[in-house]
Amino acid sequence: MQRCLPAFSLCYAAGVLIGAWAAEGALIAKPSSVWGLVVASVMLAMIGGWRRLVSALLAAGLLLGAASALSRMVVESPSCDVARAIGRRPVRLLGTTVAPARRVGEGWRQLLRVSSLERDQKRRAACGVVELWIPAQSSSPPPAGQQLWLSARLRRPQAARNPLLAHGALRVLSERVRARAYLEAHAYRALDPPRSRALLWSLRGKLRRGLAERIADHDARAVISALMFGERAGLSDQLRRAFAYTGVSHLLAISGLHLALVALGAVAFCRFCLLRSYRVAARYDVGRLSALVGILAAIAYTLFTGAAHSTSRACLMVGALLLADLCRRPRDFWRPLCLALLVLLIVDPLALFSPGFQLSFSAVLAIALAQRSPSVERWGWRLLRSTVAATLVTLPLCAHHFGQAALLGIVVNLVAIPFVSFVLLPLVLLLALELLVGGSLLAPLVEWLTSGFVAACGRLGSAPWAAVAWRPGWLLTLSACALALLLVSGRVRRRRGLALMLLAVAAVAVAGDQLKPPALRLTFLDVGQGDASLVQFPNGTSMLVDGGGSYEPRYDVGRARVVPYLRAAGIQRLDVVVGTHLHADHVGGLRAVLRELPVGELWLCPRHDERSPWWHELRALAQRQGVPIVAPHRLVRGSVSVEPLWPDAVAHRGQAASACGGQLSTNDASVVLRVRYGRSSALLAGDIEAQVERQLVDRYQDGLSARLLKVAHHGSATSTTDQFVSRVLPRIAVISCGRENRFAFPDREVISRLDRIAAAVWRTDLRGGVIAHLFADGDIALSDGFSLLR
């Protein structure tokens, strides 16, 4: 019976996984699978004998977990839903920020829980969360828990679903986001906090003012704020990258170690004070009183720092351990861990798919197994073993989620974890106490230590061997994590069969990736209402055709979606970047690409009368980055050839970009590319319309066919004519468009035309990012970004 809680927690987590798959469509398409789950649970509950109660408990956990995930993912809109106010007219909102702001590109992303809404001078109660995008012109974003009064136009939330990246739809559902809004700088009014939070807000405000006055170094102040408040909005992109490459980003999150230091410090201080009084020590149980104070301190610190998943998990675990002391029960590590898992999944079932959630529990599990090893005696060796264990177990998960393995982190963490946890963090907490009473003695020391830590991470992170691009599949990730857990537990000899099995699974996963036949890989990214296609040649050459974009200048699609995918795919350099035509939804995201990655050539083909600001901006940016701008030309790399079919003026290799679009419209001046690999071919049609399609049909009467067609102009009725598609005859047609876009793309007539030639239609608004593997023998393998397993 002592193992009922761990078993129930694991069954609940398994139920969440199955329920999420069912809601996503993997099991709903096969109702027999759902009934099979119910029947299996009932049979498990009916097992006879003394195990009947345990079996029923496990079955209940499985069903409750599945039901909780289904209820979260199948969202019903109540009458007070703020999503009902989405439209072109602005509304006034009153709400409270629910989490610290997160830096995204040149601005901040903040969540606002709405309590009331005013439209047409009528005010009513409202519910739901709105995703706010705040520009960088604001001095600082509003902190968590701040009441705001603002006016904005609500739009539908954007949830990118690209392979290799975190599932955007799950993030939106997990955070209960119902709408999004873009704010101008200081376009909101901060209200006074309620009485219940007035003391907390005054303390936080005083600490922020104290840091701003006494810490001059911006990077050091940002790191201190992250350790003190859990707010990382002030960290620059360069600093984040340095911490990621050295594998120490986790130290800036409020984790279990931070909270344990606060709780144990409160316990030790309370015990010290109570033992000074003989009457109190003789009359009361000092240990139980100290444990109670520790629990209250853990709860207060969790609320003070925003109650993130790692902090909430640590608060539950520390609270359970101290509650054992309070109730005079023996301490147990596994049940508090499983209790934290169960409570957090009940509150938010979809947190199971969050990288932070997985990394947090994996690290704690590794530390627990390392501490159980009988070979560890001294505390120094225990700390060393725990650090190595947590780093090894989380390394495959980090590589799986973020596309890179910080190999240097295994060594750096041996120094960084003790330094931050036992030197820097206690000094930061003491500095907080000192700032509250108006002192400033520790500020120079803390700033000096933090600046040195930042400089060391920056220097180590700039080394080319600090991190390697690696993204294992989910099978290899799970087997590597299990093998690492077995290794750190010291039970490899006792579990030789299990270890060999895990090694075999990992070897099969690696061999499966290596033995795949070479293929031309085309990835059509989910960039909303826009286009971005990545072409990866079998020999390693990479070409990006368009970069997406948005007519909303405060949202950079390139930085938010394109660049993260390129990094996740292990793209270190782009040989060619193509801007098919100078519209924001095609070239807006290329600015971030040119800034963030080395680029060999930029292909542009402006019209004779081109006066688009995008031409001047991209040309100036390319000149600063040292990227030559050339006209589209024939490119051959190994057995792959890229041939521009349109516009008329096709340049020789290296010729500078010149006006080649004639007097055509911007859409009709789009660059059309045909990519060939053996018997496979793909036609990327840009935004050309019917007039240009007729000219292409007349010009290439025998050579326009392609196995895959990137449908022109997002599926507009002005393109993809019957004559054109009957000449191309694609087996696969990919349409890149935004979900529920205002243009109603793709047009129904376009879908009908493609159906008449029996082409399989894959849409990014329905499937997310689409990956097509084109093999030399003419076969095509497709996958999408709608899978929960990354």
# chains A, B, ... in the order shown; residues from 1 in each chain; ligands from 1

$ select_by_dssp --residues "region 401-594 of chain A" --states "alpha helix (DSSP H)" --output "ChimeraX atom specification"
/A:401-402,409-419,425-436,443-461,474-488,496-514,557,563-568,584-587,590-594

$ residues_around --residues "region 264-273 of chain A" --least-positions-apart "4" --cutoff "9 Å" --atoms "only C-alpha atoms" --output "PyMOL selection string"
chain A and resi 259-260+277+286-287+289-295+297-298

$ write_last_selection --atoms "all heavy atoms" --output "short mmCIF file (atom, residue, chain, number, x, y, z; two decimals), in the first residue's frame"
data_model
loop_
_atom_site.label_atom_id
_atom_site.label_comp_id
_atom_site.auth_asym_id
_atom_site.auth_seq_id
_atom_site.Cartn_x
_atom_site.Cartn_y
_atom_site.Cartn_z
N LEU A 259 14.55 27.24 -3.28
CA LEU A 259 13.49 27.24 -2.27
C LEU A 259 13.90 26.46 -1.03
O LEU A 259 13.53 26.83 0.09
CB LEU A 259 12.22 26.66 -2.89
CG LEU A 259 10.96 26.86 -2.07
CD1 LEU A 259 9.82 27.33 -2.97
CD2 LEU A 259 10.54 25.58 -1.38
N ALA A 260 14.67 25.38 -1.22
CA ALA A 260 15.12 24.61 -0.07
C ALA A 260 16.04 25.45 0.82
O ALA A 260 15.96 25.37 2.06
CB ALA A 260 15.86 23.36 -0.54
N SER A 277 15.33 30.63 24.32
CA SER A 277 14.42 30.78 25.46
C SER A 277 14.21 29.42 26.11
O SER A 277 13.71 28.49 25.47
CB SER A 277 13.09 31.38 24.98
OG SER A 277 12.15 31.37 26.03
N VAL A 286 10.16 22.44 19.68
CA VAL A 286 10.85 23.40 18.82
C VAL A 286 10.94 22.89 17.39
O VAL A 286 10.80 23.64 16.42
CB VAL A 286 12.26 23.71 19.38
CG1 VAL A 286 13.04 24.59 18.43
CG2 VAL A 286 12.13 24.35 20.76
N GLY A 287 11.16 21.60 17.22
CA GLY A 287 11.28 21.04 15.88
C GLY A 287 10.01 21.20 15.06
O GLY A 287 10.04 21.55 13.88
N LEU A 289 7.53 23.42 15.60
CA LEU A 289 7.31 24.84 15.32
C LEU A 289 8.21 25.34 14.19
O LEU A 289 7.78 26.10 13.32
CB LEU A 289 7.55 25.66 16.59
CG LEU A 289 6.50 25.53 17.69
CD1 LEU A 289 6.91 26.34 18.91
CD2 LEU A 289 5.14 26.02 17.19
N SER A 290 9.47 24.90 14.20
CA SER A 290 10.40 25.30 13.13
C SER A 290 9.95 24.75 11.78
O SER A 290 10.05 25.43 10.75
CB SER A 290 11.80 24.81 13.46
OG SER A 290 12.25 25.32 14.70
N ALA A 291 9.44 23.51 11.77
CA ALA A 291 8.94 22.94 10.51
C ALA A 291 7.76 23.74 9.98
O ALA A 291 7.63 23.98 8.77
CB ALA A 291 8.56 21.48 10.72
N LEU A 292 6.87 24.18 10.87
CA LEU A 292 5.73 24.98 10.46
C LEU A 292 6.19 26.31 9.86
O LEU A 292 5.67 26.75 8.81
CB LEU A 292 4.81 25.23 11.65
CG LEU A 292 3.56 26.09 11.39
CD1 LEU A 292 2.68 25.42 10.34
CD2 LEU A 292 2.79 26.32 12.68
N VAL A 293 7.17 26.95 10.48
CA VAL A 293 7.71 28.20 9.95
C VAL A 293 8.36 27.96 8.58
O VAL A 293 8.23 28.77 7.66
CB VAL A 293 8.72 28.81 10.94
CG1 VAL A 293 9.46 29.98 10.31
CG2 VAL A 293 8.02 29.25 12.21
N GLY A 294 9.06 26.82 8.43
CA GLY A 294 9.66 26.50 7.14
C GLY A 294 8.63 26.34 6.04
O GLY A 294 8.83 26.78 4.90
N ILE A 295 7.49 25.68 6.37
CA ILE A 295 6.42 25.52 5.38
C ILE A 295 5.86 26.88 4.97
O ILE A 295 5.66 27.16 3.78
CB ILE A 295 5.32 24.62 5.95
CG1 ILE A 295 5.84 23.19 6.15
CG2 ILE A 295 4.09 24.61 5.04
CD1 ILE A 295 4.86 22.27 6.83
N ALA A 297 7.40 29.75 5.11
CA ALA A 297 8.41 30.46 4.33
C ALA A 297 8.47 29.95 2.89
O ALA A 297 8.62 30.73 1.95
CB ALA A 297 9.78 30.31 5.00
N ALA A 298 8.34 28.63 2.70
CA ALA A 298 8.35 28.06 1.34
C ALA A 298 7.15 28.57 0.55
O ALA A 298 7.29 28.93 -0.63
CB ALA A 298 8.34 26.54 1.42
#

$ closest_residue --among "A:Gly528, A:Val761, A:Val488, A:Val318" --to "Leu369 (chain A)" --atoms "only C-alpha atoms"
A:Val488

$ residues_around --residues "Leu766 (chain A)" --least-positions-apart "6" --cutoff "12 Å" --atoms "only C-alpha atoms" --output "PyMOL selection string"
chain A and resi 24+159-162+169+526+528+734-741+745-746+784-786

$ write_last_selection --atoms "N, CA, C and O atoms" --output "short mmCIF file (atom, residue, chain, number, x, y, z; two decimals), in the first residue's frame"
data_model
loop_
_atom_site.label_atom_id
_atom_site.label_comp_id
_atom_site.auth_asym_id
_atom_site.auth_seq_id
_atom_site.Cartn_x
_atom_site.Cartn_y
_atom_site.Cartn_z
N GLU A 24 -6.21 15.23 -29.73
CA GLU A 24 -5.51 15.72 -30.92
C GLU A 24 -5.95 14.99 -32.17
O GLU A 24 -5.68 15.40 -33.29
N ALA A 159 -0.65 30.09 -32.66
CA ALA A 159 -0.04 28.89 -32.07
C ALA A 159 0.70 28.15 -33.18
O ALA A 159 0.09 27.37 -33.92
N ALA A 160 1.97 28.42 -33.30
CA ALA A 160 2.77 27.76 -34.33
C ALA A 160 2.94 26.29 -33.99
O ALA A 160 3.19 25.93 -32.84
N ARG A 161 2.82 25.46 -35.01
CA ARG A 161 2.99 24.02 -34.83
C ARG A 161 4.02 23.55 -35.86
O ARG A 161 3.66 23.04 -36.92
N ASN A 162 5.26 23.76 -35.53
CA ASN A 162 6.34 23.37 -36.42
C ASN A 162 7.06 22.16 -35.85
O ASN A 162 7.26 22.06 -34.64
N ALA A 169 0.14 24.97 -29.95
CA ALA A 169 -1.25 24.81 -29.54
C ALA A 169 -1.35 24.33 -28.10
O ALA A 169 -2.22 24.76 -27.34
N ASP A 526 5.14 26.61 -40.53
CA ASP A 526 3.91 27.28 -40.11
C ASP A 526 4.31 28.66 -39.60
O ASP A 526 4.78 28.82 -38.47
N GLY A 528 2.07 31.33 -39.93
CA GLY A 528 0.84 32.10 -40.01
C GLY A 528 0.51 32.39 -41.47
O GLY A 528 0.71 31.56 -42.36
N VAL A 734 1.02 21.53 -51.32
CA VAL A 734 1.18 22.14 -50.00
C VAL A 734 0.70 23.58 -50.07
O VAL A 734 1.14 24.35 -50.94
N ILE A 735 -0.18 23.96 -49.17
CA ILE A 735 -0.72 25.32 -49.10
C ILE A 735 -0.27 25.93 -47.79
O ILE A 735 -0.57 25.41 -46.71
N SER A 736 0.45 27.05 -47.88
CA SER A 736 0.93 27.76 -46.69
C SER A 736 0.01 28.94 -46.43
O SER A 736 -0.02 29.91 -47.20
N CYS A 737 -0.76 28.88 -45.36
CA CYS A 737 -1.70 29.95 -45.03
C CYS A 737 -1.94 29.96 -43.53
O CYS A 737 -1.62 28.99 -42.83
N GLY A 738 -2.48 31.06 -43.05
CA GLY A 738 -2.73 31.21 -41.62
C GLY A 738 -4.06 30.64 -41.22
O GLY A 738 -5.03 30.62 -42.00
N ARG A 739 -4.14 30.19 -39.98
CA ARG A 739 -5.38 29.61 -39.48
C ARG A 739 -6.44 30.70 -39.34
O ARG A 739 -6.21 31.75 -38.75
N GLU A 740 -7.61 30.44 -39.94
CA GLU A 740 -8.75 31.36 -39.89
C GLU A 740 -8.33 32.76 -40.33
O GLU A 740 -8.67 33.76 -39.71
N ASN A 741 -7.55 32.84 -41.43
CA ASN A 741 -7.05 34.12 -41.90
C ASN A 741 -8.19 34.96 -42.48
O ASN A 741 -9.23 34.43 -42.91
N PHE A 745 -8.32 32.16 -47.14
CA PHE A 745 -7.48 31.23 -47.91
C PHE A 745 -7.42 29.89 -47.18
O PHE A 745 -7.42 29.86 -45.94
N PRO A 746 -7.36 28.78 -47.91
CA PRO A 746 -7.43 28.66 -49.38
C PRO A 746 -8.87 28.70 -49.88
O PRO A 746 -9.80 28.33 -49.17
N ASP A 784 3.98 16.00 -40.49
CA ASP A 784 3.53 17.34 -40.15
C ASP A 784 3.94 17.71 -38.75
O ASP A 784 4.57 16.92 -38.03
N GLY A 785 3.56 18.92 -38.34
CA GLY A 785 3.92 19.42 -37.01
C GLY A 785 2.82 19.29 -36.00
O GLY A 785 2.80 20.01 -35.01
N PHE A 786 1.88 18.35 -36.21
CA PHE A 786 0.74 18.24 -35.32
C PHE A 786 0.89 17.13 -34.30
O PHE A 786 -0.03 16.82 -33.56
#

$ residues_around --residues "Ala390 (chain A)" --least-positions-apart "4" --cutoff "10 Å" --atoms "only C-alpha atoms" --output "MDAnalysis selection string"
chainID A and resid 359:360 362:370 385:386 394:395 410 413 484:485 488

$ write_last_selection --atoms "N, CA and C atoms" --output "PDB file, in the first residue's frame"
ATOM      1  N   LEU A 359      12.264  18.612 -17.606  1.00  0.00           N
ATOM      2  CA  LEU A 359      13.630  18.787 -17.127  1.00  0.00           C
ATOM      3  C   LEU A 359      13.676  18.869 -15.605  1.00  0.00           C
ATOM      4  N   SER A 360      12.691  19.543 -15.019  1.00  0.00           N
ATOM      5  CA  SER A 360      12.671  19.701 -13.564  1.00  0.00           C
ATOM      6  C   SER A 360      12.539  18.353 -12.861  1.00  0.00           C
ATOM      7  N   SER A 362      13.035  15.331 -14.127  1.00  0.00           N
ATOM      8  CA  SER A 362      14.148  14.439 -14.470  1.00  0.00           C
ATOM      9  C   SER A 362      15.368  14.743 -13.614  1.00  0.00           C
ATOM     10  N   ALA A 363      15.656  16.025 -13.418  1.00  0.00           N
ATOM     11  CA  ALA A 363      16.816  16.393 -12.606  1.00  0.00           C
ATOM     12  C   ALA A 363      16.641  15.950 -11.158  1.00  0.00           C
ATOM     13  N   VAL A 364      15.446  16.152 -10.608  1.00  0.00           N
ATOM     14  CA  VAL A 364      15.215  15.750  -9.211  1.00  0.00           C
ATOM     15  C   VAL A 364      15.287  14.235  -9.075  1.00  0.00           C
ATOM     16  N   LEU A 365      14.743  13.528 -10.052  1.00  0.00           N
ATOM     17  CA  LEU A 365      14.810  12.066 -10.005  1.00  0.00           C
ATOM     18  C   LEU A 365      16.247  11.576 -10.081  1.00  0.00           C
ATOM     19  N   ALA A 366      17.070  12.208 -10.919  1.00  0.00           N
ATOM     20  CA  ALA A 366      18.480  11.829 -11.016  1.00  0.00           C
ATOM     21  C   ALA A 366      19.212  12.085  -9.709  1.00  0.00           C
ATOM     22  N   ILE A 367      18.950  13.212  -9.093  1.00  0.00           N
ATOM     23  CA  ILE A 367      19.604  13.533  -7.813  1.00  0.00           C
ATOM     24  C   ILE A 367      19.190  12.528  -6.737  1.00  0.00           C
ATOM     25  N   ALA A 368      17.896  12.168  -6.730  1.00  0.00           N
ATOM     26  CA  ALA A 368      17.427  11.203  -5.726  1.00  0.00           C
ATOM     27  C   ALA A 368      18.101   9.854  -5.904  1.00  0.00           C
ATOM     28  N   LEU A 369      18.212   9.389  -7.135  1.00  0.00           N
ATOM     29  CA  LEU A 369      18.868   8.100  -7.381  1.00  0.00           C
ATOM     30  C   LEU A 369      20.353   8.159  -7.049  1.00  0.00           C
ATOM     31  N   ALA A 370      20.991   9.285  -7.330  1.00  0.00           N
ATOM     32  CA  ALA A 370      22.413   9.417  -7.018  1.00  0.00           C
ATOM     33  C   ALA A 370      22.650   9.399  -5.516  1.00  0.00           C
ATOM     34  N   ARG A 385      28.453  14.107  -7.258  1.00  0.00           N
ATOM     35  CA  ARG A 385      27.690  13.036  -7.912  1.00  0.00           C
ATOM     36  C   ARG A 385      26.307  13.530  -8.338  1.00  0.00           C
ATOM     37  N   SER A 386      25.667  14.335  -7.498  1.00  0.00           N
ATOM     38  CA  SER A 386      24.339  14.860  -7.835  1.00  0.00           C
ATOM     39  C   SER A 386      24.415  15.785  -9.049  1.00  0.00           C
ATOM     40  N   THR A 394      19.536  15.087 -17.917  1.00  0.00           N
ATOM     41  CA  THR A 394      18.818  16.132 -18.645  1.00  0.00           C
ATOM     42  C   THR A 394      19.454  16.467 -19.990  1.00  0.00           C
ATOM     43  N   LEU A 395      20.668  15.991 -20.258  1.00  0.00           N
ATOM     44  CA  LEU A 395      21.333  16.304 -21.526  1.00  0.00           C
ATOM     45  C   LEU A 395      20.534  15.813 -22.737  1.00  0.00           C
ATOM     46  N   ILE A 410      28.645  19.810 -18.764  1.00  0.00           N
ATOM     47  CA  ILE A 410      28.976  18.744 -17.811  1.00  0.00           C
ATOM     48  C   ILE A 410      30.126  19.186 -16.910  1.00  0.00           C
ATOM     49  N   ASN A 413      29.085  22.943 -14.968  1.00  0.00           N
ATOM     50  CA  ASN A 413      28.153  22.832 -13.848  1.00  0.00           C
ATOM     51  C   ASN A 413      28.820  22.342 -12.574  1.00  0.00           C
ATOM     52  N   ALA A 484      20.814   6.707 -18.557  1.00  0.00           N
ATOM     53  CA  ALA A 484      21.524   7.611 -17.647  1.00  0.00           C
ATOM     54  C   ALA A 484      21.013   7.456 -16.217  1.00  0.00           C
ATOM     55  N   LEU A 485      19.698   7.288 -16.043  1.00  0.00           N
ATOM     56  CA  LEU A 485      19.156   7.072 -14.695  1.00  0.00           C
ATOM     57  C   LEU A 485      19.678   5.763 -14.100  1.00  0.00           C
ATOM     58  N   VAL A 488      23.411   6.444 -13.053  1.00  0.00           N
ATOM     59  CA  VAL A 488      23.640   7.258 -11.855  1.00  0.00           C
ATOM     60  C   VAL A 488      23.131   6.570 -10.603  1.00  0.00           C
TER      61      VAL A 488
END

$ residues_around --residues "region 235-239 of chain A" --least-positions-apart "2" --cutoff "8 Å" --atoms "only C-alpha atoms" --output "list in words"
Arg103, Asp219, Ala222, Val223, Arg232, Ala233, Arg241, Ala242, Phe243, Val454 and Gly458 of chain A

$ atom_distance --atom1 "CA of Leu708 (chain A)" --atom2 "CA of Gly540 (chain A)"
21.0 Å

$ select_by_dssp --residues "region 105-256 of chain A" --states "strand (DSSP E or B)" --output "PyMOL selection string"
chain A and resi 107-119+122-125+127+129-134+147-152+155+177-182+188-190

$ write_last_selection --atoms "N, CA, C and O atoms" --output "compact mmCIF listing (two decimals), in the first residue's frame"
# COMPACT_ATOMS: atom_id res chain seq x y z
N GLY A 107 10.65 42.76 -28.01
CA GLY A 107 9.62 43.17 -27.06
C GLY A 107 9.42 42.12 -25.99
O GLY A 107 10.27 41.26 -25.74
N TRP A 108 8.24 42.19 -25.34
CA TRP A 108 7.92 41.26 -24.27
C TRP A 108 6.57 40.62 -24.52
O TRP A 108 5.67 41.23 -25.11
N ARG A 109 6.44 39.41 -24.02
CA ARG A 109 5.17 38.69 -24.06
C ARG A 109 4.67 38.55 -22.63
O ARG A 109 5.38 38.07 -21.74
N GLN A 110 3.42 38.97 -22.39
CA GLN A 110 2.84 38.99 -21.06
C GLN A 110 1.44 38.40 -21.13
O GLN A 110 0.74 38.56 -22.13
N LEU A 111 1.03 37.70 -20.08
CA LEU A 111 -0.31 37.11 -20.00
C LEU A 111 -1.16 37.92 -19.03
O LEU A 111 -0.72 38.27 -17.94
N LEU A 112 -2.39 38.19 -19.46
CA LEU A 112 -3.32 39.00 -18.67
C LEU A 112 -4.60 38.20 -18.45
O LEU A 112 -5.27 37.81 -19.42
N ARG A 113 -4.95 37.94 -17.20
CA ARG A 113 -6.22 37.29 -16.88
C ARG A 113 -7.29 38.37 -16.76
O ARG A 113 -7.25 39.23 -15.88
N VAL A 114 -8.26 38.33 -17.67
CA VAL A 114 -9.24 39.39 -17.79
C VAL A 114 -10.38 39.16 -16.80
O VAL A 114 -10.86 38.04 -16.63
N SER A 115 -10.82 40.26 -16.15
CA SER A 115 -11.94 40.18 -15.22
C SER A 115 -13.16 40.94 -15.71
O SER A 115 -14.29 40.60 -15.36
N SER A 116 -12.95 41.99 -16.53
CA SER A 116 -14.08 42.73 -17.08
C SER A 116 -13.70 43.29 -18.43
O SER A 116 -12.52 43.47 -18.75
N LEU A 117 -14.73 43.60 -19.22
CA LEU A 117 -14.53 44.05 -20.60
C LEU A 117 -15.55 45.14 -20.89
O LEU A 117 -16.72 45.06 -20.47
N GLU A 118 -15.10 46.16 -21.61
CA GLU A 118 -15.99 47.27 -21.96
C GLU A 118 -15.97 47.47 -23.47
O GLU A 118 -14.91 47.67 -24.07
N ARG A 119 -17.15 47.42 -24.10
CA ARG A 119 -17.28 47.64 -25.53
C ARG A 119 -18.60 48.35 -25.79
O ARG A 119 -19.62 48.00 -25.21
N LYS A 122 -20.46 49.67 -22.86
CA LYS A 122 -21.16 48.71 -22.01
C LYS A 122 -20.12 47.82 -21.35
O LYS A 122 -19.31 47.19 -22.04
N ARG A 123 -20.15 47.76 -20.06
CA ARG A 123 -19.16 46.99 -19.30
C ARG A 123 -19.81 45.72 -18.77
O ARG A 123 -20.93 45.74 -18.26
N ARG A 124 -19.09 44.61 -18.92
CA ARG A 124 -19.58 43.32 -18.44
C ARG A 124 -18.42 42.49 -17.93
O ARG A 124 -17.26 42.76 -18.22
N ALA A 125 -18.78 41.47 -17.16
CA ALA A 125 -17.76 40.55 -16.65
C ALA A 125 -17.20 39.71 -17.80
O ALA A 125 -17.91 39.38 -18.75
N CYS A 127 -13.99 36.56 -18.83
CA CYS A 127 -13.09 35.53 -18.32
C CYS A 127 -12.17 35.11 -19.45
O CYS A 127 -12.46 35.31 -20.63
N VAL A 129 -7.77 34.38 -20.68
CA VAL A 129 -6.44 34.98 -20.64
C VAL A 129 -6.14 35.59 -22.01
O VAL A 129 -6.42 34.97 -23.05
N VAL A 130 -5.59 36.79 -21.99
CA VAL A 130 -5.19 37.48 -23.22
C VAL A 130 -3.67 37.55 -23.25
O VAL A 130 -3.02 37.89 -22.25
N GLU A 131 -3.11 37.23 -24.41
CA GLU A 131 -1.67 37.28 -24.62
C GLU A 131 -1.30 38.68 -25.11
O GLU A 131 -1.72 39.10 -26.20
N LEU A 132 -0.55 39.42 -24.29
CA LEU A 132 -0.16 40.79 -24.63
C LEU A 132 1.24 40.80 -25.23
O LEU A 132 2.15 40.13 -24.73
N TRP A 133 1.41 41.57 -26.31
CA TRP A 133 2.73 41.80 -26.91
C TRP A 133 3.07 43.27 -26.70
O TRP A 133 2.40 44.16 -27.22
N ILE A 134 4.10 43.48 -25.90
CA ILE A 134 4.48 44.83 -25.49
C ILE A 134 5.78 45.21 -26.20
O ILE A 134 6.75 44.44 -26.17
N GLN A 147 -2.35 44.75 -11.77
CA GLN A 147 -3.64 45.05 -12.38
C GLN A 147 -3.45 46.10 -13.46
O GLN A 147 -2.81 47.12 -13.24
N LEU A 148 -4.02 45.83 -14.64
CA LEU A 148 -3.88 46.74 -15.78
C LEU A 148 -5.25 47.12 -16.33
O LEU A 148 -6.19 46.32 -16.31
N TRP A 149 -5.33 48.35 -16.83
CA TRP A 149 -6.49 48.84 -17.55
C TRP A 149 -5.99 49.31 -18.91
O TRP A 149 -5.17 50.20 -19.00
N LEU A 150 -6.47 48.69 -19.99
CA LEU A 150 -5.90 48.97 -21.30
C LEU A 150 -6.98 48.92 -22.37
O LEU A 150 -8.08 48.39 -22.15
N SER A 151 -6.63 49.47 -23.53
CA SER A 151 -7.50 49.45 -24.69
C SER A 151 -6.73 48.83 -25.84
O SER A 151 -5.60 49.23 -26.13
N ALA A 152 -7.34 47.85 -26.51
CA ALA A 152 -6.64 47.15 -27.59
C ALA A 152 -7.67 46.43 -28.46
O ALA A 152 -8.82 46.22 -28.06
N ARG A 155 -7.28 39.82 -31.17
CA ARG A 155 -7.13 38.94 -32.32
C ARG A 155 -7.05 37.50 -31.82
O ARG A 155 -6.90 37.25 -30.63
N VAL A 177 -4.97 30.68 -23.02
CA VAL A 177 -4.99 31.90 -23.81
C VAL A 177 -6.18 31.84 -24.77
O VAL A 177 -6.35 30.87 -25.51
N ARG A 178 -7.01 32.88 -24.78
CA ARG A 178 -8.19 32.94 -25.63
C ARG A 178 -8.09 34.03 -26.69
O ARG A 178 -8.86 34.03 -27.64
N ALA A 179 -7.16 34.98 -26.53
CA ALA A 179 -7.01 36.05 -27.50
C ALA A 179 -5.63 36.67 -27.32
O ALA A 179 -4.93 36.39 -26.34
N ARG A 180 -5.23 37.50 -28.29
CA ARG A 180 -3.96 38.22 -28.19
C ARG A 180 -4.19 39.66 -28.59
O ARG A 180 -5.14 40.00 -29.29
N ALA A 181 -3.29 40.52 -28.11
CA ALA A 181 -3.40 41.95 -28.39
C ALA A 181 -2.00 42.55 -28.44
O ALA A 181 -1.12 42.17 -27.66
N TYR A 182 -1.82 43.49 -29.37
CA TYR A 182 -0.56 44.21 -29.49
C TYR A 182 -0.75 45.60 -28.88
O TYR A 182 -1.70 46.31 -29.22
N TYR A 188 -1.03 51.25 -21.55
CA TYR A 188 -1.81 50.64 -20.49
C TYR A 188 -1.61 51.46 -19.21
O TYR A 188 -0.63 52.20 -19.06
N ARG A 189 -2.54 51.33 -18.30
CA ARG A 189 -2.47 52.04 -17.03
C ARG A 189 -2.43 51.02 -15.90
O ARG A 189 -3.31 50.16 -15.79
N ALA A 190 -1.39 51.12 -15.10
CA ALA A 190 -1.23 50.21 -13.96
C ALA A 190 -2.04 50.73 -12.78
O ALA A 190 -1.95 51.90 -12.41

$ residues_around --residues "Asp687 (chain A)" --least-positions-apart "2" --cutoff "7 Å" --atoms "only C-alpha atoms" --output "ChimeraX atom specification"
/A:667-668,670,685,689,712-713

$ atom_distance --atom1 "CA of Gly588 (chain A)" --atom2 "CA of Leu574 (chain A)"
17.1 Å

$ atom_distance --atom1 "CA of Ala351 (chain A)" --atom2 "CA of Arg72 (chain A)"
11.1 Å
